[in-house]
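> My questions will all concern the structure given below.
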Amino acid sequence: MDAIAFVLALVPILWLVVVLLVFKWPAWKAAIGSFVLSCVLALGVWKLPADQVATASLEGFLMALWPIVLVIIAAVFTYNLCVKTGAMDVIGGMITSISSDRRLLALLIAWCFGGFMEGMAGFGTAVAIPASMLAGLGFAPIPAVLLCLLANGVPTPYGSIGIPTVSLAGLVGLDSAHLAFVQMVQLAPFYIVAPFLIVLVAGKVEGASVADRLRGVVVPTLAAGLAFALPTMAVAAFVGPELSVVVGSICALAVTALLAMRAEHSGKLDKRFHVAVEPHEALTLGGALRAWSCFILIFILLMGTSKLVPFVNSALAPLSSSVQVFSGKNPGTLSFMWVNTPGIWIFLAAIVGGFIQGARPAQMLEVLGATVKQMMPTVITMLSVLGCAKVMGYSGMISSISAFCIGVAGAAYPFIAPWIGAVGTFVTGSGTSSAMLFGPVQKQAADALGTDPYWMVALNMLGVSAGKMLSPQSLAIGLASVRVVGKDAELMRAIIPYGIAFLVLMSILALAGAGLVL
């Protein structure tokens, strides 16, 4: 074990921790600093030649631009366009008209709709939009954000059309569909627990015991978890990570809505949990389809070009390029799918759906320009983080970190693996960034210990789901959406017991399953 090499290899990551949490730098500035430090250390300490540092950086930049940045901008453009056309208001109104029970509304909005927003757009929308909807229904601001933080954790590995998982699989050389499936095996228990926590928090009214908060809604709550987890797992296994959470959230929304309406009409729900919901104008089937058109088209296009439709998938496969960028030993191969990549299909769906919703070309261009401007800090962050990850990987810095961790923890390393992923997300606020920084560490640990690499790498994303709900960036986005200032510490005190409890349970699961090969 080389402790000095371990500490030096951690410098780019420690830099992120300090400047983000102590000096409150924006993520893009902090990420640039990390990238520069990784290059300096690679040149000066690990003696990686300058041309190899340059080509390692370029490989990271190219990997970030296509498909990660493409998907990010396409997904957020779709959401912004639906806001511009009013479609998001229609969708929100459809959901809030289902029930007047605050527990069921929390499930529908924070869990189901929040999961859908995470799968489609991510980047804070899954906290900001549902939290503002709940606050608009009369939920107190802090509980409204707390509910959305609890709901947003477990879908994060599949956010923004699966970008965290797709990126991680590509970086460490694993099959993205199988990695997505193994992640869901690990996450499944937490998909069942999370809706119950949401109901318990939503039901915190004066005089209501835990039993009171659960009475009358146990079946819808359990169904909300199962209807989300099982389809997500199936899609992950047979299609891949891109649509996993999208399909799961839609199934959960449909099942929860049916059971919520049944409970609402039963007359047995406790009146203490009633909230006044303003009636919405009657909506025609055509109006509903128009509002959902972008998302319906995304679903059709991504499913229709996936491996589930082999003749389409195979016909599009040749429209791709492969290239080796790194100029040193054992270079990786970058593959670029020029047509059959989620970003292209999302843009196409958004444009067609925008026309269906009545958007003019000039409006779409205006929204696209605003989206690119809005997402530029995220683009810079992704470029810097992936450049840093590639330089650290090729130089041997990642190997120094993993060797030290394995030397200290030994066979117990899986116990700490989720915490590593959680720290990455806590600091950066991004599941993708955590995957890029620590995914290679987990892969090398698996190789050194002789354990299943899919299980070990998936543990990083397991930890990501806990770290996301604790991240200061997530808290700030949620509080801003409900127009509350200066309550970050109060919200952190409210969420941290759940995050720590999740991590402890995740560590036990990680160690117990370390010998499995899935």
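For the structure tokens, the naming scheme is as follows: chains receive sequential letters (A, B, ...) according to their order of presentation, residues are indexed from 1 within each chain, and ligands are indexed from 1 in presentation order.
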Mind checking which residues fall within 7 Å of stretch 410-420 of chain A, counting only C-alpha atoms, ignoring those fewer than 6 positions away in the same chain, and posting them as a list in words?

Met456, Leu459, Asn460, Leu462, Gly463, Leu503, Met506, Ser507, Ile508, Ala510, Leu511 and Ala514 of chain A

> Please produce a file of the residues just selected, as a compact mmCIF listing (two decimals), in the first residue's frame, where the atoms kept are C-alpha atoms.


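As a result, result.txt now contains:
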```
# COMPACT_ATOMS: atom_id res chain seq x y z
CA MET A 456 -19.28 -4.13 -7.40
CA LEU A 459 -22.76 -0.65 -5.67
CA ASN A 460 -21.48 2.76 -6.70
CA LEU A 462 -26.59 2.10 -5.09
CA GLY A 463 -24.73 4.66 -3.00
CA LEU A 503 -26.52 3.78 3.44
CA MET A 506 -27.07 -0.66 1.51
CA SER A 507 -23.70 -1.58 3.03
CA ILE A 508 -25.17 -4.68 4.67
CA ALA A 510 -23.52 -5.00 -0.49
CA LEU A 511 -21.47 -7.25 1.77
CA ALA A 514 -20.60 -9.78 -2.66
```

> For A:Leu105, please output as number ranges by chain all residues within 12 Å (counting only C-alpha atoms; exclusion window: fewer than 2 positions along the same chain).

A: 92-103, 107-114, 130-131, 133-139, 144, 147-148, 195, 198-199, 202-203, 217, 220-221, 253, 256-257, 259-261, 264, 273-277

> For the strand (DSSP E or B) assignment from backbone DSSP, which residues of stretch 330-361 of chain A qualify? Please present them as a list in words.

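Strand (DSSP E or B) members of stretch 330-361 of chain A, listed: Leu334, Ser335, Phe336 and Met337 of chain A.
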
> Residues of the last selection are to be written out with N, CA and C atoms, as a CSV table (one decimal), in the first residue's frame.


```csv
chain,number,residue,atom,x,y,z
A,334,LEU,N,-13.7,4.3,-28.4
A,334,LEU,CA,-15.0,5.1,-28.3
A,334,LEU,C,-15.9,4.7,-29.5
A,335,SER,N,-17.1,4.4,-29.2
A,335,SER,CA,-18.1,4.1,-30.3
A,335,SER,C,-19.1,5.3,-30.3
A,336,PHE,N,-19.4,5.8,-31.5
A,336,PHE,CA,-20.3,6.8,-31.7
A,336,PHE,C,-21.5,6.3,-32.6
A,337,MET,N,-22.7,6.2,-32.0
A,337,MET,CA,-23.9,5.9,-32.8
A,337,MET,C,-24.5,7.2,-33.3
```

> How many Å lie between atom CA of A:Val145 and atom CA of A:Gly429, rounded to one decimal?

15.8 Å

> Fewer than 2 positions away in the same chain doesn't count, so skip those; otherwise give me all residues within 12 Å of A:Ala501, counting only C-alpha atoms, as a PDB file with N, CA and C atoms, in the first residue's frame.


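What follows is the written file out-v5.pdb:
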```pdb
ATOM      1  N   PHE A 190     -35.327  -0.849  -1.770  1.00  0.00           N
ATOM      2  CA  PHE A 190     -35.479   0.566  -1.449  1.00  0.00           C
ATOM      3  C   PHE A 190     -36.605   1.199  -2.264  1.00  0.00           C
ATOM      4  N   VAL A 193     -39.457   0.447   0.049  1.00  0.00           N
ATOM      5  CA  VAL A 193     -39.433   1.221   1.301  1.00  0.00           C
ATOM      6  C   VAL A 193     -39.780   2.685   1.062  1.00  0.00           C
ATOM      7  N   ALA A 194     -39.244   3.277  -0.011  1.00  0.00           N
ATOM      8  CA  ALA A 194     -39.392   4.715  -0.239  1.00  0.00           C
ATOM      9  C   ALA A 194     -40.852   5.193  -0.235  1.00  0.00           C
ATOM     10  N   LEU A 197     -42.084   5.577   3.314  1.00  0.00           N
ATOM     11  CA  LEU A 197     -41.507   6.752   3.975  1.00  0.00           C
ATOM     12  C   LEU A 197     -42.213   8.021   3.508  1.00  0.00           C
ATOM     13  N   TRP A 419     -20.807   3.827   0.128  1.00  0.00           N
ATOM     14  CA  TRP A 419     -20.457   5.114   0.726  1.00  0.00           C
ATOM     15  C   TRP A 419     -19.597   5.933  -0.230  1.00  0.00           C
ATOM     16  N   GLY A 463     -25.062   3.549  -3.877  1.00  0.00           N
ATOM     17  CA  GLY A 463     -24.727   4.659  -2.997  1.00  0.00           C
ATOM     18  C   GLY A 463     -25.158   6.001  -3.548  1.00  0.00           C
ATOM     19  N   ALA A 466     -28.535   7.210  -2.402  1.00  0.00           N
ATOM     20  CA  ALA A 466     -28.597   7.809  -1.059  1.00  0.00           C
ATOM     21  C   ALA A 466     -27.933   9.178  -1.057  1.00  0.00           C
ATOM     22  N   GLY A 467     -26.797   9.282  -1.760  1.00  0.00           N
ATOM     23  CA  GLY A 467     -26.094  10.555  -1.794  1.00  0.00           C
ATOM     24  C   GLY A 467     -26.895  11.655  -2.462  1.00  0.00           C
ATOM     25  N   LEU A 470     -29.152  13.599  -0.188  1.00  0.00           N
ATOM     26  CA  LEU A 470     -28.432  14.393   0.808  1.00  0.00           C
ATOM     27  C   LEU A 470     -27.654  15.553   0.200  1.00  0.00           C
ATOM     28  N   ILE A 495     -33.586  15.373   6.399  1.00  0.00           N
ATOM     29  CA  ILE A 495     -33.328  14.299   5.432  1.00  0.00           C
ATOM     30  C   ILE A 495     -32.203  13.371   5.857  1.00  0.00           C
ATOM     31  N   ILE A 496     -31.259  13.856   6.660  1.00  0.00           N
ATOM     32  CA  ILE A 496     -30.052  13.062   6.916  1.00  0.00           C
ATOM     33  C   ILE A 496     -30.318  11.731   7.615  1.00  0.00           C
ATOM     34  N   PRO A 497     -31.283  11.613   8.538  1.00  0.00           N
ATOM     35  CA  PRO A 497     -31.515  10.281   9.130  1.00  0.00           C
ATOM     36  C   PRO A 497     -31.917   9.234   8.088  1.00  0.00           C
ATOM     37  N   TYR A 498     -32.710   9.644   7.106  1.00  0.00           N
ATOM     38  CA  TYR A 498     -33.133   8.711   6.065  1.00  0.00           C
ATOM     39  C   TYR A 498     -31.942   8.304   5.195  1.00  0.00           C
ATOM     40  N   GLY A 499     -31.105   9.290   4.830  1.00  0.00           N
ATOM     41  CA  GLY A 499     -29.954   8.994   3.987  1.00  0.00           C
ATOM     42  C   GLY A 499     -28.965   8.058   4.663  1.00  0.00           C
ATOM     43  N   LEU A 503     -27.903   4.182   3.689  1.00  0.00           N
ATOM     44  CA  LEU A 503     -26.522   3.779   3.445  1.00  0.00           C
ATOM     45  C   LEU A 503     -26.109   2.587   4.304  1.00  0.00           C
ATOM     46  N   VAL A 504     -26.542   2.555   5.555  1.00  0.00           N
ATOM     47  CA  VAL A 504     -26.224   1.413   6.423  1.00  0.00           C
ATOM     48  C   VAL A 504     -26.841   0.142   5.859  1.00  0.00           C
ATOM     49  N   LEU A 505     -28.104   0.213   5.470  1.00  0.00           N
ATOM     50  CA  LEU A 505     -28.772  -0.959   4.892  1.00  0.00           C
ATOM     51  C   LEU A 505     -28.128  -1.359   3.563  1.00  0.00           C
ATOM     52  N   MET A 506     -27.731  -0.376   2.792  1.00  0.00           N
ATOM     53  CA  MET A 506     -27.069  -0.661   1.515  1.00  0.00           C
ATOM     54  C   MET A 506     -25.733  -1.365   1.730  1.00  0.00           C
ATOM     55  N   SER A 507     -24.992  -0.951   2.741  1.00  0.00           N
ATOM     56  CA  SER A 507     -23.705  -1.577   3.034  1.00  0.00           C
ATOM     57  C   SER A 507     -23.875  -3.032   3.445  1.00  0.00           C
ATOM     58  N   ILE A 508     -24.888  -3.304   4.251  1.00  0.00           N
ATOM     59  CA  ILE A 508     -25.168  -4.684   4.670  1.00  0.00           C
ATOM     60  C   ILE A 508     -25.530  -5.530   3.451  1.00  0.00           C
TER      61      ILE A 508
END
```

> If I take atom CA of A:Phe35 and atom CA of A:Cys388, how far is one from the other in Å, to one decimal?

4.5 Å

> Considering only C-alpha atoms, can you say which of A:Thr284, A:Ser322, A:Thr371, A:Ser160 comes closest to A:Leu81?

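Under the stated criterion, the closest residue is A:Thr371.
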
> Give me the residues near stretch 9-18 of chain A as a PyMOL selection string, where near means some atom within 6 Å (using only C-alpha atoms) and where sequence neighbours in that chain fewer than 2 positions away do not count.

chain A and resi 5-7+20-22+30+34+37-38+397+427

> Just how far from atom CA of A:Ser176 is atom CA of A:Met392, in Å to one decimal?

22.3 Å

> Among stretch 274-375 of chain A, which residues carry a DSSP assignment of helix (DSSP H, G or I), reported as a VMD selection string?

chain A and resid 285 to 304 310 to 316 342 to 356 361 to 375

> Give me the residues within 12 Å of A:Val219 as a PDB file with N, CA and C atoms, in the first residue's frame, counting only C-alpha atoms and dropping any in the same chain fewer than 4 places off.


```pdb
ATOM      1  N   LEU A 104     -51.874  10.191  -0.587  1.00  0.00           N
ATOM      2  CA  LEU A 104     -51.966   9.685  -1.955  1.00  0.00           C
ATOM      3  C   LEU A 104     -51.449  10.711  -2.963  1.00  0.00           C
ATOM      4  N   ILE A 192     -39.332  -0.347  -2.606  1.00  0.00           N
ATOM      5  CA  ILE A 192     -40.505  -0.713  -1.807  1.00  0.00           C
ATOM      6  C   ILE A 192     -40.597   0.156  -0.550  1.00  0.00           C
ATOM      7  N   PRO A 195     -41.800   4.518  -0.915  1.00  0.00           N
ATOM      8  CA  PRO A 195     -43.184   5.007  -0.870  1.00  0.00           C
ATOM      9  C   PRO A 195     -43.774   5.026   0.539  1.00  0.00           C
ATOM     10  N   PHE A 196     -43.391   4.067   1.373  1.00  0.00           N
ATOM     11  CA  PHE A 196     -43.897   4.068   2.754  1.00  0.00           C
ATOM     12  C   PHE A 196     -43.347   5.251   3.539  1.00  0.00           C
ATOM     13  N   VAL A 199     -45.320   8.297   2.469  1.00  0.00           N
ATOM     14  CA  VAL A 199     -46.648   8.337   3.103  1.00  0.00           C
ATOM     15  C   VAL A 199     -46.542   8.758   4.565  1.00  0.00           C
ATOM     16  N   LEU A 214     -50.759   5.283   8.071  1.00  0.00           N
ATOM     17  CA  LEU A 214     -50.757   4.184   7.102  1.00  0.00           C
ATOM     18  C   LEU A 214     -52.157   3.638   6.821  1.00  0.00           C
ATOM     19  N   ARG A 215     -53.074   3.865   7.767  1.00  0.00           N
ATOM     20  CA  ARG A 215     -54.403   3.256   7.653  1.00  0.00           C
ATOM     21  C   ARG A 215     -55.110   3.718   6.365  1.00  0.00           C
ATOM     22  N   ALA A 223     -48.344  -1.081  -3.665  1.00  0.00           N
ATOM     23  CA  ALA A 223     -48.496  -1.206  -5.117  1.00  0.00           C
ATOM     24  C   ALA A 223     -47.643  -0.165  -5.847  1.00  0.00           C
ATOM     25  N   ALA A 224     -47.546   1.042  -5.288  1.00  0.00           N
ATOM     26  CA  ALA A 224     -46.737   2.093  -5.911  1.00  0.00           C
ATOM     27  C   ALA A 224     -45.272   1.669  -6.005  1.00  0.00           C
ATOM     28  N   GLY A 225     -44.780   0.991  -4.964  1.00  0.00           N
ATOM     29  CA  GLY A 225     -43.398   0.512  -4.983  1.00  0.00           C
ATOM     30  C   GLY A 225     -43.197  -0.640  -5.950  1.00  0.00           C
ATOM     31  N   LEU A 226     -44.079  -1.628  -5.879  1.00  0.00           N
ATOM     32  CA  LEU A 226     -43.951  -2.810  -6.735  1.00  0.00           C
ATOM     33  C   LEU A 226     -44.161  -2.464  -8.213  1.00  0.00           C
ATOM     34  N   ALA A 227     -45.153  -1.613  -8.479  1.00  0.00           N
ATOM     35  CA  ALA A 227     -45.455  -1.247  -9.862  1.00  0.00           C
ATOM     36  C   ALA A 227     -44.345  -0.402 -10.478  1.00  0.00           C
ATOM     37  N   VAL A 255     -51.087   2.474 -11.824  1.00  0.00           N
ATOM     38  CA  VAL A 255     -51.583   1.610 -10.746  1.00  0.00           C
ATOM     39  C   VAL A 255     -51.966   2.438  -9.521  1.00  0.00           C
ATOM     40  N   THR A 256     -51.114   3.379  -9.147  1.00  0.00           N
ATOM     41  CA  THR A 256     -51.393   4.203  -7.965  1.00  0.00           C
ATOM     42  C   THR A 256     -52.629   5.060  -8.182  1.00  0.00           C
ATOM     43  N   LEU A 258     -55.244   4.399 -10.104  1.00  0.00           N
ATOM     44  CA  LEU A 258     -56.446   3.552 -10.012  1.00  0.00           C
ATOM     45  C   LEU A 258     -56.799   3.227  -8.563  1.00  0.00           C
ATOM     46  N   LEU A 259     -55.788   2.843  -7.784  1.00  0.00           N
ATOM     47  CA  LEU A 259     -56.031   2.501  -6.385  1.00  0.00           C
ATOM     48  C   LEU A 259     -56.376   3.739  -5.566  1.00  0.00           C
ATOM     49  N   ALA A 260     -55.799   4.886  -5.918  1.00  0.00           N
ATOM     50  CA  ALA A 260     -56.113   6.126  -5.205  1.00  0.00           C
ATOM     51  C   ALA A 260     -57.562   6.541  -5.445  1.00  0.00           C
ATOM     52  N   ARG A 262     -59.973   4.535  -6.208  1.00  0.00           N
ATOM     53  CA  ARG A 262     -60.793   3.560  -5.498  1.00  0.00           C
ATOM     54  C   ARG A 262     -60.873   3.911  -4.010  1.00  0.00           C
ATOM     55  N   ALA A 263     -59.742   4.267  -3.421  1.00  0.00           N
ATOM     56  CA  ALA A 263     -59.727   4.654  -2.002  1.00  0.00           C
ATOM     57  C   ALA A 263     -60.517   5.940  -1.785  1.00  0.00           C
TER      58      ALA A 263
END
```

> Could you name the residues that touch A:Ala126 at 7 Å or less, counting only C-alpha atoms, but leaving out those on the same chain fewer than 5 positions away, as a ChimeraX atom specification?

/A:114-115,117-118,152

> Take the selection from the previous step and output its residues with N, CA and C atoms, as an mmCIF file, in the first residue's frame.


```cif
data_model
loop_
_atom_site.group_PDB
_atom_site.id
_atom_site.type_symbol
_atom_site.label_atom_id
_atom_site.label_comp_id
_atom_site.auth_asym_id
_atom_site.auth_seq_id
_atom_site.Cartn_x
_atom_site.Cartn_y
_atom_site.Cartn_z
ATOM 1 N N GLY A 114 -42.575 12.470 -10.025
ATOM 2 C CA GLY A 114 -41.168 12.812 -9.816
ATOM 3 C C GLY A 114 -40.246 11.794 -10.465
ATOM 4 N N GLY A 115 -40.607 10.508 -10.364
ATOM 5 C CA GLY A 115 -39.825 9.465 -11.023
ATOM 6 C C GLY A 115 -39.834 9.626 -12.535
ATOM 7 N N MET A 117 -40.240 12.464 -14.181
ATOM 8 C CA MET A 117 -39.414 13.617 -14.514
ATOM 9 C C MET A 117 -37.929 13.281 -14.414
ATOM 10 N N GLU A 118 -37.554 12.458 -13.431
ATOM 11 C CA GLU A 118 -36.157 12.042 -13.307
ATOM 12 C C GLU A 118 -35.745 11.224 -14.533
ATOM 13 N N ASN A 152 -36.675 11.066 -4.916
ATOM 14 C CA ASN A 152 -35.749 11.250 -6.029
ATOM 15 C C ASN A 152 -34.504 10.377 -5.951
#
```

> Using only C-alpha atoms, find the one residue out of A:Gly304, A:Pro189, A:Pro331, A:Pro141 that sits nearest to A:Val391.

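Of the candidates, the smallest distance to A:Val391 is held by A:Pro331.
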
> Which of these, A:Pro155, A:Ala409, A:Val182, A:Ser395, has the shortest distance to A:Val40 once you count only C-alpha atoms?

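Going through A:Pro155, A:Ala409, A:Val182, A:Ser395 one by one, the smallest distance to A:Val40 is for A:Ser395.
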
> Using only C-alpha atoms, pick whichever of A:Val71, A:Gly60, A:Leu187, A:Ile406 has the shortest atom-to-atom distance to A:Met375.

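Closest candidate: A:Val71.
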
> With distances taken over only C-alpha atoms, which of A:Ser384, A:Gln357, A:Gln473, A:Ser266 is nearest to A:Cys294?

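Ranked by minimum distance to A:Cys294, first place goes to A:Gln357.
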
> For each of A:Phe116, A:Thr156, A:Gly358, A:Ile380, take the minimum atom-to-atom distance to A:Ile68, counting only C-alpha atoms, then give the residue where this is smallest.

A:Ile380
